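Peer 1: Hey, dropping coords.txt in here, compact mmCIF, C-alpha atoms:
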```txt
# COMPACT_ATOMS: atom_id res chain seq x y z
CA MET A 1 -4.33 -9.96 11.36
CA PRO A 2 -4.93 -6.72 9.40
CA SER A 3 -4.65 -7.16 5.64
CA VAL A 4 -3.83 -5.12 2.55
CA LEU A 5 -5.08 -6.11 -0.91
CA PHE A 6 -3.40 -4.90 -4.11
CA VAL A 7 -5.43 -4.88 -7.33
CA CYS A 8 -4.68 -4.54 -11.05
CA THR A 9 -6.09 -6.18 -14.18
CA GLY A 10 -4.41 -9.54 -14.77
CA ASN A 11 -2.64 -9.89 -11.40
CA ILE A 12 0.55 -10.75 -13.26
CA CYS A 13 2.39 -7.40 -13.38
CA ARG A 14 1.54 -4.42 -11.20
CA SER A 15 -0.41 -5.76 -8.23
CA PRO A 16 1.84 -8.76 -7.45
CA LEU A 17 4.88 -6.51 -7.73
CA ALA A 18 3.35 -4.09 -5.21
CA GLU A 19 2.34 -6.98 -2.93
CA GLN A 20 5.81 -8.51 -2.97
CA LEU A 21 7.65 -5.25 -2.35
CA PHE A 22 5.22 -4.35 0.45
CA ARG A 23 5.69 -7.73 2.12
CA ALA A 24 9.48 -7.63 1.81
CA ARG A 25 9.75 -4.15 3.28
CA MET A 26 7.33 -4.85 6.09
CA ASP A 27 9.27 -8.01 6.94
CA ALA A 28 12.54 -6.07 6.89
CA ARG A 29 11.11 -3.75 9.55
CA GLY A 30 9.82 -6.63 11.64
CA MET A 31 6.19 -5.65 11.04
CA ARG A 32 3.40 -8.04 10.17
CA LEU A 33 0.42 -7.31 7.96
CA VAL A 34 -1.15 -9.79 5.54
CA ALA A 35 -0.51 -8.79 1.92
CA SER A 36 -2.31 -10.28 -1.07
CA SER A 37 -3.20 -9.31 -4.62
CA ALA A 38 -5.87 -9.99 -7.21
CA GLY A 39 -6.94 -8.90 -10.67
CA THR A 40 -10.18 -7.61 -12.12
CA GLY A 41 -9.61 -9.78 -15.20
CA ALA A 42 -7.21 -12.36 -13.81
CA ARG A 43 -6.99 -15.96 -14.96
CA ALA A 44 -6.47 -18.11 -11.89
CA GLY A 45 -3.04 -19.67 -11.59
CA GLU A 46 -1.27 -17.56 -14.21
CA LEU A 47 2.34 -16.64 -13.41
CA MET A 48 3.84 -13.17 -13.38
CA THR A 49 5.34 -12.02 -16.64
CA PRO A 50 9.13 -12.51 -16.74
CA GLN A 51 9.63 -8.74 -16.87
CA ALA A 52 7.49 -8.16 -13.77
CA ALA A 53 9.18 -11.02 -11.91
CA GLU A 54 12.58 -9.53 -12.75
CA LEU A 55 11.45 -6.15 -11.41
CA SER A 56 10.32 -7.80 -8.19
CA LEU A 57 13.75 -9.34 -7.71
CA ARG A 58 15.46 -6.06 -8.62
CA TYR A 59 13.53 -4.21 -5.92
CA GLY A 60 13.90 -6.91 -3.27
CA GLY A 61 10.69 -8.90 -3.71
CA ASP A 62 10.12 -12.64 -4.16
CA PRO A 63 7.97 -13.58 -7.18
CA SER A 64 8.54 -17.34 -6.92
CA LEU A 65 5.27 -18.34 -5.27
CA HIS A 66 2.88 -16.03 -7.10
CA SER A 67 -0.12 -17.28 -9.05
CA ALA A 68 -2.87 -14.99 -10.27
CA SER A 69 -6.21 -14.72 -8.47
CA PRO A 70 -9.44 -13.09 -9.69
CA ILE A 71 -10.83 -10.41 -7.44
CA ASP A 72 -14.02 -11.15 -5.53
CA ALA A 73 -16.26 -9.46 -2.98
CA ALA A 74 -15.10 -11.73 -0.17
CA GLY A 75 -11.47 -10.70 -0.61
CA ILE A 76 -12.38 -7.03 -0.67
CA THR A 77 -14.58 -7.31 2.41
CA ALA A 78 -11.87 -9.16 4.33
CA SER A 79 -9.31 -6.41 3.66
CA ASN A 80 -8.61 -3.37 5.81
CA LEU A 81 -7.00 -1.48 2.94
CA VAL A 82 -7.29 -1.96 -0.83
CA LEU A 83 -4.70 -0.33 -3.09
CA THR A 84 -5.22 -0.36 -6.85
CA ALA A 85 -3.05 0.30 -9.89
CA SER A 86 -5.50 2.78 -11.41
CA ARG A 87 -8.72 4.68 -10.89
CA GLU A 88 -10.48 2.14 -13.10
CA HIS A 89 -9.54 -0.65 -10.72
CA ARG A 90 -10.62 1.45 -7.75
CA SER A 91 -14.04 1.85 -9.37
CA ALA A 92 -14.22 -1.89 -10.04
CA VAL A 93 -13.54 -2.65 -6.38
CA VAL A 94 -16.20 -0.22 -5.19
CA SER A 95 -18.73 -1.56 -7.69
CA LEU A 96 -18.34 -5.00 -6.10
CA VAL A 97 -18.38 -3.74 -2.50
CA PRO A 98 -19.73 -0.17 -2.31
CA ARG A 99 -18.74 0.35 1.32
CA ALA A 100 -15.13 -0.38 0.33
CA SER A 101 -14.96 3.18 -1.00
CA ARG A 102 -13.91 4.14 2.54
CA TYR A 103 -10.75 2.06 2.40
CA THR A 104 -9.94 1.78 -1.32
CA PHE A 105 -7.39 4.06 -2.99
CA THR A 106 -5.06 3.93 -5.92
CA LEU A 107 -1.57 3.04 -4.79
CA ARG A 108 -0.17 6.41 -5.82
CA GLU A 109 -3.09 8.27 -4.25
CA PHE A 110 -2.52 6.63 -0.87
CA ALA A 111 1.22 7.29 -1.05
CA ARG A 112 0.52 10.94 -1.79
CA LEU A 113 -1.88 11.21 1.14
CA VAL A 114 0.52 9.65 3.64
CA ASP A 115 3.19 12.08 2.43
CA ILE A 116 0.80 14.96 3.16
CA SER A 117 0.15 13.49 6.59
CA ALA A 118 3.87 13.29 7.31
CA ALA A 119 4.51 16.84 6.12
CA GLU A 120 1.76 18.23 8.34
CA SER A 121 2.40 15.88 11.27
CA LEU A 122 -1.19 14.67 11.11
CA VAL A 123 -0.74 11.66 13.37
CA PRO A 124 -3.03 10.20 16.02
CA ASP A 125 -2.69 11.55 19.55
CA GLY A 126 -1.37 8.19 20.66
CA GLN A 127 1.59 8.52 18.32
CA ARG A 128 2.99 11.64 19.98
CA ARG A 129 6.07 11.59 22.16
CA GLY A 130 5.80 9.65 25.39
CA ALA A 131 2.78 7.54 24.41
CA VAL A 132 2.59 3.77 24.18
CA ILE A 133 0.20 2.61 21.47
CA ASP A 134 -0.86 -0.39 19.39
CA PHE A 135 -1.04 0.13 15.64
CA ASP A 136 -4.60 0.25 14.31
CA LEU A 137 -4.66 -0.11 10.51
CA ASP A 138 -8.33 0.85 10.29
CA GLU A 139 -7.69 4.09 12.16
CA PHE A 140 -4.61 4.77 10.04
CA VAL A 141 -6.71 4.35 6.89
CA ARG A 142 -9.50 6.56 8.27
CA GLN A 143 -7.09 9.35 9.11
CA THR A 144 -5.41 9.09 5.72
CA ALA A 145 -8.77 9.08 3.92
CA SER A 146 -9.69 12.32 5.69
CA LEU A 147 -6.99 14.04 3.62
CA ARG A 148 -8.72 13.30 0.32
CA GLY A 149 -9.29 16.59 -1.50
CA HIS A 150 -6.59 18.25 0.57
CA GLY A 151 -4.63 20.90 -1.32
CA SER A 152 -5.36 23.39 -4.05
CA ALA A 153 -4.83 21.16 -7.11
CA MET A 154 -7.11 18.21 -7.75
CA PRO A 155 -5.17 15.11 -8.82
CA THR A 156 -5.67 13.76 -12.33
CA ALA A 157 -5.54 10.22 -13.66
CA ALA A 158 -1.91 10.89 -14.56
CA ASP A 159 -1.24 11.51 -10.86
CA ASP A 160 -3.07 8.40 -9.69
CA ASP A 161 -2.60 5.69 -12.33
CA ILE A 162 0.24 3.29 -13.09
CA ALA A 163 0.19 2.31 -16.77
CA ASP A 164 -0.28 -1.37 -17.56
CA PRO A 165 3.05 -2.67 -18.94
CA TYR A 166 1.63 -6.00 -20.15
CA ARG A 167 2.88 -6.78 -23.67
CA ARG A 168 4.60 -3.42 -23.85
CA LYS A 169 8.25 -2.46 -24.08
CA GLN A 170 10.69 -2.70 -21.21
CA SER A 171 10.68 1.05 -20.58
CA VAL A 172 6.98 0.84 -19.63
CA TYR A 173 7.78 -1.94 -17.18
CA ASP A 174 10.64 0.10 -15.77
CA GLU A 175 8.43 3.15 -15.28
CA ALA A 176 5.72 1.08 -13.60
CA GLY A 177 8.31 -0.55 -11.36
CA ALA A 178 9.77 2.79 -10.30
CA LEU A 179 6.34 4.22 -9.49
CA ILE A 180 5.36 1.14 -7.49
CA ASP A 181 8.68 1.12 -5.64
CA HIS A 182 8.30 4.79 -4.67
CA ALA A 183 4.68 4.42 -3.57
CA VAL A 184 5.23 1.25 -1.56
CA ASP A 185 8.24 2.78 0.16
CA ALA A 186 6.24 5.84 1.19
CA ILE A 187 3.39 3.71 2.53
CA VAL A 188 5.60 1.29 4.47
CA THR A 189 7.52 4.22 5.96
CA ALA A 190 4.25 5.83 7.05
CA ILE A 191 2.98 2.59 8.60
CA ALA A 192 6.27 2.14 10.43
CA ARG A 193 6.10 5.68 11.77
CA ALA A 194 2.50 5.20 12.91
CA SER A 195 3.20 1.88 14.58
CA LEU A 196 6.20 2.95 16.64
CA LYS A 197 5.80 2.38 20.35
CA THR A 198 7.61 4.99 22.36
CA GLU A 199 8.15 4.73 26.07
CA ALA A 200 7.51 7.66 28.36
CA PRO A 201 10.80 9.40 29.19
CA ARG A 202 12.27 8.26 32.49
CA PRO A 203 13.00 10.99 35.07
CA ARG A 204 16.62 11.96 35.30
CA ARG A 205 18.42 10.87 38.43
CA SER A 206 19.96 13.61 40.53
CA ALA A 207 23.74 13.84 40.71
CA GLY A 208 23.88 12.47 44.25
CA SER A 209 21.47 9.57 43.86
```
If you took the structure in this file and wrote it as structure tokens, what would it be?
Peer 2:
Amino acid sequence: MPSVLFVCTGNICRSPLAEQLFRARMDARGMRLVASSAGTGARAGELMTPQAAELSLRYGGDPSLHSASPIDAAGITASNLVLTASREHRSAVVSLVPRASRYTFTLREFARLVDISAAESLVPDGQRRGAVIDFDLDEFVRQTASLRGHGSAMPTAADDDIADPYRRKQSVYDEAGALIDHAVDAIVTAIARASLKTEAPRPRRSAGS
């Protein structure tokens, strides 16, 4: 089954929150993709911080089964899409698996790109009215990646990163939670739109038939 990997530093705040919200919203739509998370500096088995766990519950996630996992090359290679909390994490992923640059984005970057795709109706031919298709996550990622550099203004770190709230005040947690919620919602909505199967319109019956 296609899989999405979320990455941050300790795997106890940002990436598990994104994973849990993604899974909950995919499940709510009846869609199935494997979601997991890991950290570039994670200590295996560590629990989410209470603040991050509370945010997960607030936004509809389930933090109860989470335990931190360190990132490794095998996990990256097995994923179809890697979404990171910051540009630094994106670089760390690519340094472990260079070819992952094709399917690794910051979470906010990918959300921005799928929004561009929606605004410009850049969807695969198979998604257009009257087609019946099977969702292909790899193709979805390729098409989204093709929009990198699109637009007049180049994004900055402030556009792409989600600040680490670990050991910081609640307002930093709240801001991170809101950014993750918005990005995950945009991505799940885009996946749902791309995976819709539409039946060819049936011919209308004549009045006398």
Peer 1: Near stretch 14-31 of chain A, counting all atoms listed in the file, which residues have an atom at most 10 Å away, once you skip same-chain residues fewer than 4 positions from it, shown as a ChimeraX atom specification?
Peer 2: /A:4-10,35-39,47-48,52-57,59-63,66-68,83-85,107,162-166,173,176-177,179-181,183-185,187-189,191-192,195
Peer 1: Rounded to one decimal place, report the atom CA of A:Asn11-atom CA of A:Asp72 distance in Å.
Peer 2: 12.9 Å
Peer 1: Given only C-alpha atoms as the basis, pick out the residue of A:Ala190, A:Met1, A:Val172, A:Val114 nearest to A:Arg148.
Peer 2: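 Comparing A:Ala190, A:Met1, A:Val172, A:Val114 against A:Arg148, the winner is A:Val114.
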Peer 1: Which distance in Å separates atom CA of A:Gly75 and atom CA of A:Val34, to one decimal?
Peer 2: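 That distance, rounded to one decimal, is 12.0 Å.
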Peer 1: Determine the nearest neighbour of A:Ala158 from the options A:Ser171, A:Thr106, A:Ser69, A:Ser79, counting all atoms listed in the file.
Peer 2: A:Thr106
Peer 1: Pick the closest to A:Glu46 from A:Ala92, A:Val82, A:Cys13, A:Ile116: which is it, counting only C-alpha atoms?
Peer 2: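 Result for the nearest residue to A:Glu46: A:Cys13.
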Peer 1: Between A:Ser117, A:Ser3, A:Ser86, A:Thr49, which one has atoms that come closest to A:Tyr103, using all atoms listed in the file?
Peer 2: A:Ser3
Peer 1: Using all atoms listed in the file, can you tell me which of A:Ile12, A:Leu113, A:Leu65, A:Ala194 comes closest to A:Asp138?
Peer 2: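 Comparing A:Ile12, A:Leu113, A:Leu65, A:Ala194 against A:Asp138, the winner is A:Ala194.
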Peer 1: Could you please determine the separation between atom CA of A:Gln51 and atom CA of A:Asp174 in Å, to one decimal place?
Peer 2: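 Taking atom CA of A:Gln51 as the start and atom CA of A:Asp174 as the end point, the length is 9.0 Å.
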Peer 1: From the list A:Arg99, A:Ala186, A:Phe135, A:Val141, which residue is nearest A:Arg32 when using only C-alpha atoms?
Peer 2: A:Phe135
